[in-house]
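J.: Got a structure for you, written out below as structure tokens; questions coming shortly.
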There are 2 protein chains.
Amino acid sequence: MTDTTDTTDPRRARLYEELSAESRRYHAAYVLFNQAVADHLGLHPTDVQALSLLTVEPEPLTVRQIADLTGLTTGSATRLVDRLERGGYVDRTPDPGDRRRVLVTPVPERVARVTAVWDELGRTWRTLLDDHSEDELRAITRHMRRANALSRTQIERLRSLPKPD
Amino acid sequence: MTDTTDTTDPRRARLYEELSAESRRYHAAYVLFNQAVADHLGLHPTDVQALSLLTVEPEPLTVRQIADLTGLTTGSATRLVDRLERGGYVDRTPDPGDRRRVLVTPVPERVARVTAVWDELGRTWRTLLDDHSEDELRAITRHMRRANALSRTQIERLRSLPKPD
DNA sequence: CATAGATTGCTGCGTCGCGCAGTGATTTCT
DNA sequence: AGAAATCACTGCGCGACGCAGCAATCTATG
């Protein structure tokens, strides 16, 4: 019926409301899950988060990139890599192209311990995704991708704004 | 064409892969955004997170509920409420029904400062959601709701498992 | 080509959120 | 009524984090 998007549609506004509330709980649940994984492995939540980001990207990351992606300072990122290296999860390799940089590479055998936990979750996840249509899956992915990009610009906006205190 | 769900469909497997990778970045982005909001308001990320959870639910929460929802111990939750109370964001009210409990109620005028930041984000969010169909919005919300419930059971599983250390 | 400036990663230092363990008050179980 | 569980709270110590300063290296400008 409604082909064009009507922003004042009350039913649609209700959908926005529900999605907003649900995404808050969604993120809260993820934080708790991440915490549980960290406890299970004897790591810190930040470390698990960093490992997650480190394994998503195909090429190794520098310490600075890890700092930017996690939101820590370069100093804290150094200690984080220290912990991960001490635990045997990553290797430090000097960057051949720029000798200031240090490339952080995940150690597959060791990281497998972490991904094993995720994969177990992944199996149950499949049963969750299986009754979504392909179009729905694409819509979900697209929403996340765009929300991702949006939050980046919003963070910049917040940083440029004066603090209300 | 494919009416029933075929788990071995390679194109579908690729969709799962993309969604998995994107949701990792999605959560990372949220953590960064939450951090930026906290910096902006001079609060701690955990406090902002707690305020978010506190305002989603219509009725006030007890200290224990806050502890469970955020994953902290009751002791840390007490300090968290201390900080929020000192900042004027919440009020402590003894529960009339159970005098052991303390009800934590958000202070609307003060919390408005926080929600103002969210609402500004909300406006740009609308432009993002506006070009999703209602069915897509429902699919996204449904996915989050179910992922939420799933992670709860997965956390229980992790806690009952022996630690690999 | 030399030199100033920017960038990268690392290291003391102090701060502070957090978990742990114990306490008193209140409720629930037997 | 007494025992056991639950709730919120409080010292205490740990450790992750931000900050500031450091040397090494790359880049830009004359």
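Chain identifiers are assigned as A, B, and so on, following the order in which chains appear in the structure tokens; residues are numbered from 1 within each chain, and ligands are numbered from 1 in order of appearance.
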Can you pull out every residue within 10 Å of DG5 of chain C, counting only C-alpha atoms (C1' of nucleotides), but drop anything in the same chain fewer than 4 positions away, and send it as a PyMOL selection string?

T.: chain D and resi 27-29

J.: Restrict the distance test to only C-alpha atoms (C1' of nucleotides), flag each residue of chain C within 10 Å of chain A, and return the flagged residues as a PyMOL selection string.

T.: chain C and resi 7-11

J.: If you take only C-alpha atoms (C1' of nucleotides) and a cut-off of 12 Å, which residues of chain D touch chain A, and what are their nearest atom pairs and distances in Å to one decimal, in chain and number order, as JSON lines?

T.:
```
{"residue": "D:DG15", "atom": "C1'", "partner": "A:His44", "partner_atom": "CA", "distance": 10.9}
{"residue": "D:DA16", "atom": "C1'", "partner": "A:Ser76", "partner_atom": "CA", "distance": 8.0}
{"residue": "D:DC17", "atom": "C1'", "partner": "A:Ser76", "partner_atom": "CA", "distance": 6.4}
{"residue": "D:DG18", "atom": "C1'", "partner": "A:Thr73", "partner_atom": "CA", "distance": 7.2}
{"residue": "D:DC19", "atom": "C1'", "partner": "A:Gly75", "partner_atom": "CA", "distance": 9.4}
{"residue": "D:DA20", "atom": "C1'", "partner": "A:Gly75", "partner_atom": "CA", "distance": 10.8}
{"residue": "D:DG21", "atom": "C1'", "partner": "A:Gly75", "partner_atom": "CA", "distance": 11.9}
{"residue": "D:DA23", "atom": "C1'", "partner": "A:Arg100", "partner_atom": "CA", "distance": 10.9}
{"residue": "D:DA24", "atom": "C1'", "partner": "A:Arg100", "partner_atom": "CA", "distance": 7.0}
{"residue": "D:DT25", "atom": "C1'", "partner": "A:Arg100", "partner_atom": "CA", "distance": 5.4}
{"residue": "D:DC26", "atom": "C1'", "partner": "A:Asp98", "partner_atom": "CA", "distance": 7.5}
{"residue": "D:DT27", "atom": "C1'", "partner": "A:Asp98", "partner_atom": "CA", "distance": 11.8}
```

J.: Fewer than 2 positions away in the same chain doesn't count, so skip those; otherwise give me all residues within 10 Å of segment 17-23 of chain A, counting only C-alpha atoms (C1' of nucleotides), as a PyMOL selection string.

T.: (chain A and resi 11-15+25-29) or (chain B and resi 52-53+55-57+122+125+129+137-146+148)

J.: So that I have them on file, write out the residues from the current selection with N, CA, C and O atoms, as a short mmCIF file (atom, residue, chain, number, x, y, z; two decimals), in the first residue's frame.

T.:
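The resulting file, out34.cif, is reproduced below:
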```cif
data_model
loop_
_atom_site.label_atom_id
_atom_site.label_comp_id
_atom_site.auth_asym_id
_atom_site.auth_seq_id
_atom_site.Cartn_x
_atom_site.Cartn_y
_atom_site.Cartn_z
N ARG A 11 2.46 3.67 12.76
CA ARG A 11 2.85 2.27 12.84
C ARG A 11 4.35 2.12 12.59
O ARG A 11 5.04 1.33 13.20
N ARG A 12 4.83 2.95 11.69
CA ARG A 12 6.24 2.92 11.37
C ARG A 12 7.07 3.49 12.53
O ARG A 12 8.14 3.00 12.86
N ALA A 13 6.51 4.53 13.15
CA ALA A 13 7.19 5.11 14.31
C ALA A 13 7.31 4.07 15.42
O ALA A 13 8.32 4.00 16.13
N ARG A 14 6.31 3.25 15.54
CA ARG A 14 6.34 2.20 16.56
C ARG A 14 7.43 1.18 16.24
O ARG A 14 8.11 0.68 17.14
N LEU A 15 7.61 0.90 14.98
CA LEU A 15 8.67 -0.02 14.57
C LEU A 15 10.04 0.54 14.92
O LEU A 15 10.93 -0.17 15.37
N ARG A 25 19.19 -3.55 24.09
CA ARG A 25 19.33 -4.83 24.79
C ARG A 25 20.30 -5.74 24.03
O ARG A 25 21.05 -6.51 24.63
N TYR A 26 20.26 -5.61 22.73
CA TYR A 26 21.14 -6.41 21.87
C TYR A 26 22.59 -6.15 22.19
O TYR A 26 23.39 -7.08 22.38
N HIS A 27 22.95 -4.89 22.28
CA HIS A 27 24.34 -4.53 22.58
C HIS A 27 24.71 -4.93 24.00
O HIS A 27 25.82 -5.40 24.25
N ALA A 28 23.78 -4.73 24.92
CA ALA A 28 24.03 -5.14 26.30
C ALA A 28 24.31 -6.63 26.37
O ALA A 28 25.21 -7.08 27.08
N ALA A 29 23.54 -7.39 25.60
CA ALA A 29 23.72 -8.84 25.58
C ALA A 29 25.09 -9.20 25.02
O ALA A 29 25.76 -10.11 25.52
N SER B 52 21.38 3.79 29.90
CA SER B 52 20.66 3.30 28.72
C SER B 52 19.69 2.19 29.12
O SER B 52 18.52 2.21 28.74
N LEU B 53 20.18 1.24 29.88
CA LEU B 53 19.34 0.12 30.30
C LEU B 53 18.26 0.59 31.26
O LEU B 53 17.15 0.06 31.28
N THR B 55 16.73 3.43 31.27
CA THR B 55 15.67 4.19 30.62
C THR B 55 14.88 3.36 29.62
O THR B 55 13.81 3.79 29.19
N VAL B 56 15.40 2.20 29.25
CA VAL B 56 14.64 1.33 28.35
C VAL B 56 13.45 0.72 29.08
O VAL B 56 12.34 0.70 28.56
N GLU B 57 13.70 0.27 30.29
CA GLU B 57 12.63 -0.36 31.05
C GLU B 57 11.77 0.72 31.71
O GLU B 57 12.29 1.69 32.24
N GLY B 122 19.41 9.96 16.92
CA GLY B 122 18.17 9.37 16.45
C GLY B 122 17.67 9.98 15.16
O GLY B 122 17.15 9.29 14.29
N TRP B 125 19.57 8.69 12.51
CA TRP B 125 19.21 7.28 12.41
C TRP B 125 17.97 7.09 11.55
O TRP B 125 17.88 6.14 10.80
N LEU B 129 16.98 4.50 8.66
CA LEU B 129 15.92 3.49 8.72
C LEU B 129 14.84 3.74 7.67
O LEU B 129 14.13 2.82 7.29
N LEU B 137 12.41 -3.91 8.57
CA LEU B 137 12.55 -3.43 9.95
C LEU B 137 12.15 -4.51 10.95
O LEU B 137 12.83 -4.72 11.95
N ARG B 138 11.06 -5.17 10.64
CA ARG B 138 10.61 -6.24 11.52
C ARG B 138 11.64 -7.37 11.56
O ARG B 138 11.89 -7.95 12.62
N ALA B 139 12.22 -7.66 10.42
CA ALA B 139 13.22 -8.72 10.35
C ALA B 139 14.44 -8.38 11.21
O ALA B 139 14.97 -9.22 11.94
N ILE B 140 14.87 -7.13 11.12
CA ILE B 140 16.03 -6.70 11.89
C ILE B 140 15.75 -6.78 13.39
O ILE B 140 16.52 -7.32 14.17
N THR B 141 14.59 -6.25 13.77
CA THR B 141 14.21 -6.29 15.19
C THR B 141 14.11 -7.72 15.68
O THR B 141 14.59 -8.04 16.78
N ARG B 142 13.53 -8.55 14.86
CA ARG B 142 13.35 -9.94 15.25
C ARG B 142 14.70 -10.62 15.44
O ARG B 142 14.91 -11.38 16.38
N HIS B 143 15.60 -10.34 14.51
CA HIS B 143 16.94 -10.92 14.60
C HIS B 143 17.61 -10.53 15.92
O HIS B 143 18.19 -11.37 16.61
N MET B 144 17.51 -9.25 16.26
CA MET B 144 18.15 -8.77 17.49
C MET B 144 17.52 -9.41 18.72
O MET B 144 18.20 -9.82 19.64
N ARG B 145 16.20 -9.49 18.70
CA ARG B 145 15.50 -10.07 19.84
C ARG B 145 15.92 -11.51 20.06
O ARG B 145 16.20 -11.94 21.18
N ARG B 146 16.01 -12.24 18.98
CA ARG B 146 16.35 -13.65 19.11
C ARG B 146 17.82 -13.84 19.45
O ARG B 146 18.18 -14.74 20.21
N ASN B 148 19.50 -11.82 21.17
CA ASN B 148 19.51 -11.45 22.57
C ASN B 148 19.21 -12.67 23.45
O ASN B 148 19.96 -13.00 24.37
#
```

J.: Quick one: residues within 8 Å of segment 48-50 of chain A, only C-alpha atoms (C1' of nucleotides), excluding same-chain residues fewer than 4 positions away - as a PDB file with N, CA, C and O atoms, in the first residue's frame?

T.:
```pdb
ATOM      1  N   ASN A  34      30.535 -11.209  25.574  1.00  0.00           N
ATOM      2  CA  ASN A  34      31.969 -10.975  25.429  1.00  0.00           C
ATOM      3  C   ASN A  34      32.680 -11.151  26.765  1.00  0.00           C
ATOM      4  O   ASN A  34      33.768 -11.724  26.846  1.00  0.00           O
ATOM      5  N   VAL A  37      32.907 -14.861  27.559  1.00  0.00           N
ATOM      6  CA  VAL A  37      33.983 -15.489  26.787  1.00  0.00           C
ATOM      7  C   VAL A  37      35.325 -15.172  27.428  1.00  0.00           C
ATOM      8  O   VAL A  37      36.187 -16.046  27.585  1.00  0.00           O
ATOM      9  N   ALA A  38      35.500 -13.907  27.828  1.00  0.00           N
ATOM     10  CA  ALA A  38      36.757 -13.491  28.454  1.00  0.00           C
ATOM     11  C   ALA A  38      36.985 -14.253  29.753  1.00  0.00           C
ATOM     12  O   ALA A  38      38.084 -14.776  29.989  1.00  0.00           O
ATOM     13  N   LEU A  43      40.857 -14.184  30.051  1.00  0.00           N
ATOM     14  CA  LEU A  43      41.354 -12.961  29.421  1.00  0.00           C
ATOM     15  C   LEU A  43      40.499 -11.778  29.855  1.00  0.00           C
ATOM     16  O   LEU A  43      39.507 -11.937  30.556  1.00  0.00           O
ATOM     17  N   HIS A  44      40.901 -10.600  29.413  1.00  0.00           N
ATOM     18  CA  HIS A  44      40.107  -9.411  29.670  1.00  0.00           C
ATOM     19  C   HIS A  44      39.174  -9.164  28.494  1.00  0.00           C
ATOM     20  O   HIS A  44      39.530  -9.477  27.351  1.00  0.00           O
ATOM     21  N   LEU A  54      41.005  -8.346  15.268  1.00  0.00           N
ATOM     22  CA  LEU A  54      42.256  -8.759  14.615  1.00  0.00           C
ATOM     23  C   LEU A  54      42.016  -9.892  13.619  1.00  0.00           C
ATOM     24  O   LEU A  54      42.713  -9.994  12.604  1.00  0.00           O
ATOM     25  N   ILE A  66      45.164  -0.855  16.140  1.00  0.00           N
ATOM     26  CA  ILE A  66      44.456  -1.512  17.236  1.00  0.00           C
ATOM     27  C   ILE A  66      43.954  -0.471  18.226  1.00  0.00           C
ATOM     28  O   ILE A  66      42.822  -0.557  18.718  1.00  0.00           O
ATOM     29  N   THR A  70      39.958   0.073  18.924  1.00  0.00           N
ATOM     30  CA  THR A  70      39.417  -0.234  20.245  1.00  0.00           C
ATOM     31  C   THR A  70      39.121   1.026  21.040  1.00  0.00           C
ATOM     32  O   THR A  70      38.396   0.976  22.033  1.00  0.00           O
TER      33      THR A  70
ATOM     34  N   ALA B  28      31.780  -3.192  17.663  1.00  0.00           N
ATOM     35  CA  ALA B  28      32.961  -2.363  17.939  1.00  0.00           C
ATOM     36  C   ALA B  28      32.609  -0.891  17.800  1.00  0.00           C
ATOM     37  O   ALA B  28      33.007  -0.054  18.616  1.00  0.00           O
TER      38      ALA B  28
END
```

J.: Can you pull out every residue within 10 Å of DG30 of chain D, counting only C-alpha atoms (C1' of nucleotides), but drop anything in the same chain fewer than 6 positions away, and send it as an mmCIF file with C-alpha atoms (C1' of nucleotides), in the first residue's frame?

T.:
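Listed below is the output, out02.cif:
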```cif
data_model
loop_
_atom_site.group_PDB
_atom_site.id
_atom_site.type_symbol
_atom_site.label_atom_id
_atom_site.label_comp_id
_atom_site.auth_asym_id
_atom_site.auth_seq_id
_atom_site.Cartn_x
_atom_site.Cartn_y
_atom_site.Cartn_z
ATOM 1 C "C1'" DA C 2 70.406 18.767 5.517
ATOM 2 C "C1'" DT C 3 67.204 19.796 9.032
ATOM 3 C "C1'" DA C 4 62.783 20.671 11.205
#
```

J.: List the neighbours of DA5 of chain D out to 9 Å using only C-alpha atoms (C1' of nucleotides); skip same-chain residues closer than 2 positions along the sequence, and give me the result as a PyMOL selection string.

T.: chain C and resi 27-29

J.: Looking only at the backbone, which of the residues in segment 14-149 of chain A does DSSP tag as alpha helix (DSSP H), as a ChimeraX atom specification?

T.: /A:14-41,45-56,63-70,74-86,108-129,134-149

J.: Compare B:Gly71, B:Pro108, B:Pro45, B:Pro94 by their minimum atom-to-atom distance to chain A, counting only C-alpha atoms, and give me the closest one.

T.: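 Using only C-alpha atoms, chain A sits closest to B:Gly71.
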
J.: Take atom CA of Gln154 of chain B and atom CA of His40 of chain A and report the distance between them in Å, one decimal.

T.: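 Straight-line distance from atom CA of Gln154 of chain B to atom CA of His40 of chain A works out to 12.0 Å.
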
J.: Tell me, which residues of segment 35-162 of chain B carry DSSP strand (DSSP E), written as a list of chain:residue names?

T.: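 Of segment 35-162 of chain B, only B:Leu61, B:Thr62, B:Val90, B:Asp91, B:Arg92, B:Thr93, B:Pro94, B:Val102, B:Leu103, B:Val104, B:Thr105, B:Pro106 fall in strand (DSSP E).
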
J.: So how many Å separate atom C1' of DT26 of chain C and atom C1' of DC7 of chain D, to one decimal?

T.: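 Atom-to-atom, atom C1' of DT26 of chain C and atom C1' of DC7 of chain D are spaced 8.0 Å apart.
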
J.: Return the single residue from B:Glu85, B:Asp95, B:Glu109, B:Asp68 that is closest to chain A, with distances computed using only C-alpha atoms.

T.: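 Of B:Glu85, B:Asp95, B:Glu109, B:Asp68, the one nearest chain A is B:Asp68, counting only C-alpha atoms.
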
J.: Between atom CA of Phe33 of chain A and atom CA of Glu156 of chain B, what distance in Å does the model show, to one decimal?

T.: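 The value is 9.6 Å.
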
J.: With only C-alpha atoms (C1' of nucleotides) as the counted atoms, please give the residues lying no more than 10 Å from Gly87 of chain A, apart from itself and same-chain residues fewer than 5 positions off, as an MDAnalysis selection string.

T.: chainID A and resid 43 81:82 110
